[in-house]
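S.K.: Before I ask anything, let me first share the structure, which is written out below as structure tokens.
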Amino acid sequence: MSYTLRGRVETRLAALVPVLLGACVLAAALHRWWPVELVGLMAAVGLFLDLEVWHRLLPYQPAWAPFPLGAVELAALMAIVYGFGLHASLVPALALFGAGWLAQLVLAQAGFPSLRLGYAEDGGELGRIGGAAGVALVLVFAGSAATYVVRLPPVVHLTAGVHRGPLVIRRREVLQAEPGAVVRGGIVVAHNDVQIKDVTVVGGQNGITVDGVHGTVLDGVTVQGAKLDGIHVRSAGVVIRNCTIDMLGNRLGQAIDISFNMDMGMSMVEGCTIVGGQEGITTHSSATDIMGNRISRTTGQAIDVDEMSMGMASGNTVRDALGVALYCNDRSMCMFDHNTVIGTRADVASGIRTRRGFAVLADFQAEADLWRNTLTANPVATGAVTGATLERTSQPGW
Amino acid sequence: MAPVAVVGSGLAGFTAYQTLRRVLAPGEIVVFGTDADPAAVWRVQAAAIRQREMRSESDGHCLPTSFPGLAFSSVRRRRSPRPLLESVLDRYHPTVDEFLSHVERLRERSGWAESFVLRRIDRVRAVDDGFDLDGERFAQVLLAPGHPGLNVPEELRDDPRVVHSYEPHDYASTVTVVGAGLAAATEWLNALAAGAEVVSVRRREPVRRPLNVPREYFSRRGLDGYHRLTPRERVERLRTLTAPSYPAGGRWDGPLDRAAREGRFRVEPSLNGSAQVICATGFRQGFQHDPLLARLVAEHDLETADEWLVLDHDSTVPRLSDASRTLAVAGAPAQWAFPAADTLAGARYAAHRFLRRIQSCRTR
């Protein structure tokens with residue numbers, strides 16, 4: 001087949017129509033946009049290659065050519081997907097690409113030639129069908145984009161000054177604080193897909209409570225003076241980024257406590273600075289990644305992966321922790337890698353052997369894997385007690 | 001007045017008929033010809049050169065759409081996926097028997113017999129809103145007269161040793177084959193296989209390519225540029241494109257190399273004392289050799305360029321086609337519109353455009 005440029009483009013667009021419709025159905029079923037985004041990306045990559053590469057390179061395209069061409073397009077697509085972090089699951093994304101490729105192959109080799117007289121001699125041009133396909137794609141993409149925009153949560157701006165709490169968020173929204181905005185008395189997140197950005201919270205039972213909802217994002221929040229926990233998460237999926245939590249003077253509270261959300265997918269704590277508190281970051285029955293945080297002066301454990309949790313603590317810096325810095329306890333499965341632990345102090349007053357100043361401690365049948373951690377000036381570097389195991393490996397046991 | 005007539009019952013006319021049948025009933029089409037079997041002439045010629053495989057590929061058939069091709073029916077018949085795999089690699093060539101069976105099946109099921117009229121048309125004359133074909137009037141006419149006869153070089157016409165490759169023949173012990181196209185290459189191998197000593201006489205080295213013309217000339221990709229050429233440039237391009245050629249590959253080169261090493265095959269510039277001279281020189285070229293076309297051109301003062309009848313891009317005769325009537329040409333005389341017009345794909349090209357004209361014609 002010798003495609004004209006127009007024929008190549010029209011054939012691609014027309015073949016994408018059923019795939020895009022399928023992606024829309026999939027997006028509706030999953031309540032996720034990535035299928036539509038992926039098909040949009042497939043169209044963009046394909047059209048770019050058609051215009052800039054394939055048309056110039058292939059005056060005649062044999063029937064076997066879709067195989068290597070498809071491989072190149074898949075490689076380009078996946079590079080972009082991962083490069084831009086589109087959050088597409090690998091297998092469904094591959095399946096969607098495969099469906100698109102197969103639709104193109106079948107339609108170009110059999111469907112269009114059997115439906116349209118002169119498809120081959122017209123160089124793949126489809127006449128009105130080609131134009132209609134282009135319009136259909138534009139409409140579907142435009143409709144999807146419009147739906148996406150309409151469904152974006154409203155942005156609520158919190159003006160500078162002190163706002164009296166507790167502030168309870170009962171709808172899907174983005175709470176964006178202006179510099180100098182402070183909520184006194186805490187915030188409670190009571191709806192799915194809430195984002196809180198740049199808010200300073202002072203006081204409250206918990207600084208921020210997230211309970212029974214999913215899709216919460218806390219970005220750039222500052223918490224100080226909470227009576228119990230700084231950020232208290234129960235049965236909820238969260239992403240916490242770039243937070244600052246001051247728990248000095250709070251002997252029993254946790255700076256961040258994420259518990260009982262194993263069924264909510266992965267949670268994440270990243271780039272936070274924590275000072276004081278009994279525990280810096282603690283997870284119970286949770287799948288949470290703890291990455292790149294700075295934790296100091298805790299009185300219990302700086303990072304505690306506990307109670308059948310599963311997670312990775314990576315690239316964190318822990319200083320001046322009392323008793324234990326990194327703790328993997330109670331049948332949890334932990335991967336501690338590239339962390340720096342400096343100056344852990346022995347909790348002599350407690351009289352407990354397992355609080356002798358461990359940089360890393362695995363307890364009660366937990367499994368901790370260690371890789372390239374820097375452990376400096378700690379009374380005890382590592383330890384495993386009551387049936388727990390410690391292993392040095394770059395591959396977590398799970 | 002019946003709406004549509006096809007003049008010529010060979011493969012080009014037959015292919016056009018299959019396309020017309022997408023829209024018209026057999027009773028709405030009249031096919032004038034001299035043989036009810038559309039493959040009658042081609043069959044004899046293929047048999048004469050002992051052709052076993054088509055040069056064309058899966059889409060070298062008479063159906064109106066390029067898909068499904070002959071590779072699919074071959075898969076069913078041979079009960080093997082091999083034809084399809086070969087087709088994907090551009091290596092599938094239907095056998096002559098498969099092609100003839102395909103023509104026969106199509107002939108039986110398409111109503112061809114109902115439309116066919118055994119009659120040679122000698123004159124086509126433009127009249128008000130149509131054309132007069134030896135006394136009968138039609139608004140839409142497709143001329144598919146076929147090749148205007150076998151070409152034998154002037155200097156060999158009276159040589160008693162001469163036989164044309166497309167006429168039935170056997171092989172003498174020493175054979176000179178004149179020509180350099182597919183028929184010539186086939187005859188080299190035939191004569192060598194028959195034990196003859198073979199001399200190839202040719203004016204130029206053959207072009208090696210899989211199809212009659214480069215593949216891009218089968219689609220708009222190559223045709224758009226071709227159609228933009230000036231008449232003089234187009235004549236030059238046609239002379240280049242229609243130069244003798246046959247496919248590359250060991251199937252052809254292996255036996256020739258072996259025979260050359262054994263001293264049984266050589267190339268010479270002129271005839272020698274061979275017992276037999278086979279003219280693999282194809283067909284006479286040019287509208288002036290076809291009485292019907294020559295008369296049409298003369299009576300209507302149609303534009304020509306050297307031996308080619310000048311046609312519109314859609315293979316219609318410009319001066320005689322308008323909103324109410326169409327005179328189109330298919331087959332070898334339509335090369336002005338489609339360089340590979342003498343192939344089955346070329347016949348389909350003319351037929352598709354003829355059908356578009358019919359569908360857009362205000363008299364229908």
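Following the order of the structure tokens, first chain is A, next is B, and so on, with residues numbered from 1 inside each chain and ligands from 1 in the order they appear.
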Please report, as JSON lines, each residue of chain A lying at most 8 Å from chain B, together with the nearest pair of atoms and the separation in Å rounded to one decimal; use only C-alpha atoms, and order rows by chain and ascending residue number.
M.R.:
```
{"residue": "A:Met1", "atom": "CA", "partner": "B:Ser219", "partner_atom": "CA", "distance": 7.7}
{"residue": "A:Ser2", "atom": "CA", "partner": "B:Glu216", "partner_atom": "CA", "distance": 5.3}
{"residue": "A:Tyr3", "atom": "CA", "partner": "B:Arg221", "partner_atom": "CA", "distance": 6.3}
{"residue": "A:Thr4", "atom": "CA", "partner": "B:Arg221", "partner_atom": "CA", "distance": 4.8}
{"residue": "A:Pro59", "atom": "CA", "partner": "B:Glu216", "partner_atom": "CA", "distance": 6.5}
{"residue": "A:Tyr60", "atom": "CA", "partner": "B:Glu216", "partner_atom": "CA", "distance": 6.2}
{"residue": "A:Pro62", "atom": "CA", "partner": "B:Asp90", "partner_atom": "CA", "distance": 6.9}
{"residue": "A:Ala63", "atom": "CA", "partner": "B:Val88", "partner_atom": "CA", "distance": 4.8}
{"residue": "A:Trp64", "atom": "CA", "partner": "B:Val88", "partner_atom": "CA", "distance": 5.4}
{"residue": "A:Gln109", "atom": "CA", "partner": "B:Phe67", "partner_atom": "CA", "distance": 7.8}
{"residue": "A:Ala110", "atom": "CA", "partner": "B:Phe67", "partner_atom": "CA", "distance": 5.9}
{"residue": "A:Pro113", "atom": "CA", "partner": "B:Phe67", "partner_atom": "CA", "distance": 5.4}
{"residue": "A:Ser114", "atom": "CA", "partner": "B:Phe67", "partner_atom": "CA", "distance": 4.9}
{"residue": "A:Leu115", "atom": "CA", "partner": "B:Thr65", "partner_atom": "CA", "distance": 7.7}
{"residue": "A:Arg116", "atom": "CA", "partner": "B:Thr65", "partner_atom": "CA", "distance": 7.1}
{"residue": "A:Leu117", "atom": "CA", "partner": "B:Thr65", "partner_atom": "CA", "distance": 5.4}
{"residue": "A:Gly118", "atom": "CA", "partner": "B:His352", "partner_atom": "CA", "distance": 6.5}
{"residue": "A:Tyr119", "atom": "CA", "partner": "B:Ser66", "partner_atom": "CA", "distance": 7.9}
{"residue": "A:Ala120", "atom": "CA", "partner": "B:Ser219", "partner_atom": "CA", "distance": 6.4}
{"residue": "A:Glu121", "atom": "CA", "partner": "B:Ser219", "partner_atom": "CA", "distance": 3.9}
{"residue": "A:Asp122", "atom": "CA", "partner": "B:Arg220", "partner_atom": "CA", "distance": 5.1}
{"residue": "A:Gly123", "atom": "CA", "partner": "B:Ser219", "partner_atom": "CA", "distance": 5.1}
```
S.K.: Would you mind writing down, as an MDAnalysis selection string, each residue of segment 139-281 of chain B that DSSP on the backbone assigns to helix (DSSP H, G or I)?
M.R.: chainID B and resid 154:156 182:193 215:218 220:227 231:241 250:261
S.K.: Considering only C-alpha atoms, can you say which of B:Ser73, B:Thr176, B:Gln140, B:Ser9 comes closest to Ile121 of chain B?
M.R.: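 Closest to Ile121 of chain B of all the choices is B:Ser9.
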S.K.: Within segment 127-323 of chain B, find each residue whose DSSP state, derived from the backbone, is strand (DSSP E or B), and express the selection as a PyMOL selection string.
M.R.: chain B and resi 127+130-133+136-138+140-143+150+162-164+174-178+197-201+207-208+245-246+265-268+276-279+283+304-305+308-309+316
S.K.: Could the residues in this selection be written to a file with N, CA and C atoms, as a CSV table (one decimal), in the first residue's frame?
M.R.:
```csv
chain,number,residue,atom,x,y,z
B,127,VAL,N,-23.3,11.3,-29.7
B,127,VAL,CA,-24.6,11.9,-30.1
B,127,VAL,C,-25.1,12.7,-28.9
B,130,GLY,N,-25.3,11.2,-25.2
B,130,GLY,CA,-24.9,9.8,-25.1
B,130,GLY,C,-24.0,9.4,-26.3
B,131,PHE,N,-24.0,8.1,-26.6
B,131,PHE,CA,-23.1,7.6,-27.6
B,131,PHE,C,-23.9,6.6,-28.4
B,132,ASP,N,-23.5,6.6,-29.7
B,132,ASP,CA,-24.1,5.6,-30.6
B,132,ASP,C,-23.1,4.5,-30.8
B,133,LEU,N,-23.5,3.3,-30.5
B,133,LEU,CA,-22.6,2.1,-30.7
B,133,LEU,C,-23.1,1.3,-31.8
B,136,GLU,N,-26.9,1.5,-31.5
B,136,GLU,CA,-27.5,1.5,-30.2
B,136,GLU,C,-27.0,2.6,-29.4
B,137,ARG,N,-27.9,3.2,-28.6
B,137,ARG,CA,-27.5,4.4,-27.9
B,137,ARG,C,-27.3,4.2,-26.3
B,138,PHE,N,-26.3,4.7,-25.8
B,138,PHE,CA,-26.0,4.6,-24.4
B,138,PHE,C,-25.5,5.9,-23.8
B,140,GLN,N,-23.7,6.1,-20.9
B,140,GLN,CA,-22.4,5.9,-20.2
B,140,GLN,C,-21.8,4.7,-20.9
B,141,VAL,N,-20.6,4.9,-21.4
B,141,VAL,CA,-19.9,3.9,-22.1
B,141,VAL,C,-18.4,3.7,-21.6
B,142,LEU,N,-18.0,2.5,-21.4
B,142,LEU,CA,-16.7,2.2,-21.0
B,142,LEU,C,-16.1,1.4,-22.2
B,143,LEU,N,-15.0,1.8,-22.7
B,143,LEU,CA,-14.3,1.1,-23.8
B,143,LEU,C,-13.1,0.3,-23.2
B,150,LEU,N,-0.6,-8.6,-31.4
B,150,LEU,CA,0.7,-9.0,-31.0
B,150,LEU,C,1.8,-8.2,-31.8
B,162,VAL,N,10.2,-17.4,-37.1
B,162,VAL,CA,9.6,-16.6,-36.0
B,162,VAL,C,8.3,-17.1,-35.5
B,163,VAL,N,8.1,-17.1,-34.2
B,163,VAL,CA,6.8,-17.3,-33.6
B,163,VAL,C,6.7,-16.3,-32.4
B,164,HIS,N,5.5,-15.8,-32.2
B,164,HIS,CA,5.3,-14.9,-31.1
B,164,HIS,C,5.2,-15.7,-29.8
B,174,THR,N,17.9,-24.8,-30.7
B,174,THR,CA,18.6,-23.5,-30.5
B,174,THR,C,17.5,-22.5,-30.7
B,175,VAL,N,17.4,-21.6,-29.7
B,175,VAL,CA,16.3,-20.6,-29.6
B,175,VAL,C,16.8,-19.3,-29.4
B,176,THR,N,16.4,-18.3,-30.2
B,176,THR,CA,16.7,-16.9,-29.9
B,176,THR,C,15.4,-16.3,-29.4
B,177,VAL,N,15.5,-15.6,-28.2
B,177,VAL,CA,14.3,-14.9,-27.6
B,177,VAL,C,14.6,-13.4,-27.8
B,178,VAL,N,13.7,-12.8,-28.5
B,178,VAL,CA,13.8,-11.3,-28.7
B,178,VAL,C,12.9,-10.6,-27.6
B,197,GLU,N,19.4,-24.5,-26.4
B,197,GLU,CA,20.5,-23.5,-26.2
B,197,GLU,C,19.8,-22.1,-26.5
B,198,VAL,N,20.0,-21.2,-25.6
B,198,VAL,CA,19.2,-19.9,-25.7
B,198,VAL,C,20.0,-18.7,-25.9
B,199,VAL,N,19.6,-17.9,-26.8
B,199,VAL,CA,20.3,-16.6,-27.0
B,199,VAL,C,19.2,-15.5,-26.7
B,200,SER,N,19.6,-14.5,-25.9
B,200,SER,CA,18.7,-13.4,-25.6
B,200,SER,C,19.1,-12.2,-26.5
B,201,VAL,N,18.2,-11.7,-27.3
B,201,VAL,CA,18.5,-10.5,-28.1
B,201,VAL,C,17.6,-9.4,-27.5
B,207,VAL,N,14.6,-4.0,-16.7
B,207,VAL,CA,14.4,-3.4,-15.3
B,207,VAL,C,14.0,-4.6,-14.4
B,208,ARG,N,14.5,-4.7,-13.2
B,208,ARG,CA,14.0,-5.7,-12.3
B,208,ARG,C,13.1,-5.1,-11.2
B,245,SER,N,10.4,-5.3,-18.1
B,245,SER,CA,10.8,-5.6,-16.7
B,245,SER,C,10.3,-6.9,-16.3
B,246,TYR,N,11.0,-7.5,-15.4
B,246,TYR,CA,10.5,-8.7,-14.7
B,246,TYR,C,11.1,-8.8,-13.3
B,265,PHE,N,23.3,-20.3,-22.4
B,265,PHE,CA,22.6,-19.0,-22.4
B,265,PHE,C,23.5,-17.9,-22.5
B,266,ARG,N,23.2,-17.0,-23.5
B,266,ARG,CA,24.0,-15.8,-23.7
B,266,ARG,C,23.2,-14.7,-24.2
B,267,VAL,N,23.7,-13.5,-24.1
B,267,VAL,CA,23.1,-12.3,-24.6
B,267,VAL,C,23.8,-11.8,-25.8
B,268,GLU,N,23.1,-11.6,-26.9
B,268,GLU,CA,23.8,-11.1,-28.1
B,268,GLU,C,23.0,-9.9,-28.7
B,276,GLN,N,15.0,-21.3,-34.1
B,276,GLN,CA,13.7,-20.8,-33.8
B,276,GLN,C,13.9,-19.4,-33.2
B,277,VAL,N,13.1,-18.5,-33.6
B,277,VAL,CA,13.1,-17.1,-33.0
B,277,VAL,C,11.8,-16.8,-32.4
B,278,ILE,N,11.8,-16.6,-31.1
B,278,ILE,CA,10.6,-16.3,-30.3
B,278,ILE,C,10.5,-14.8,-30.0
B,279,CYS,N,9.5,-14.2,-30.5
B,279,CYS,CA,9.4,-12.7,-30.3
B,279,CYS,C,8.6,-12.5,-29.0
B,283,PHE,N,2.8,-6.5,-27.0
B,283,PHE,CA,1.7,-6.1,-27.9
B,283,PHE,C,2.0,-4.9,-28.7
B,304,THR,N,-4.4,13.6,-28.6
B,304,THR,CA,-3.5,12.5,-28.4
B,304,THR,C,-2.1,13.0,-28.1
B,305,ALA,N,-1.2,12.1,-27.6
B,305,ALA,CA,0.2,12.5,-27.4
B,305,ALA,C,1.0,11.3,-27.8
B,308,TRP,N,-0.4,7.7,-27.4
B,308,TRP,CA,-1.4,7.6,-26.3
B,308,TRP,C,-2.6,8.6,-26.6
B,309,LEU,N,-3.7,8.0,-26.2
B,309,LEU,CA,-5.0,8.8,-26.2
B,309,LEU,C,-5.0,9.6,-24.9
B,316,THR,N,-11.5,9.1,-18.2
B,316,THR,CA,-12.5,9.4,-19.2
B,316,THR,C,-12.0,10.3,-20.3
```
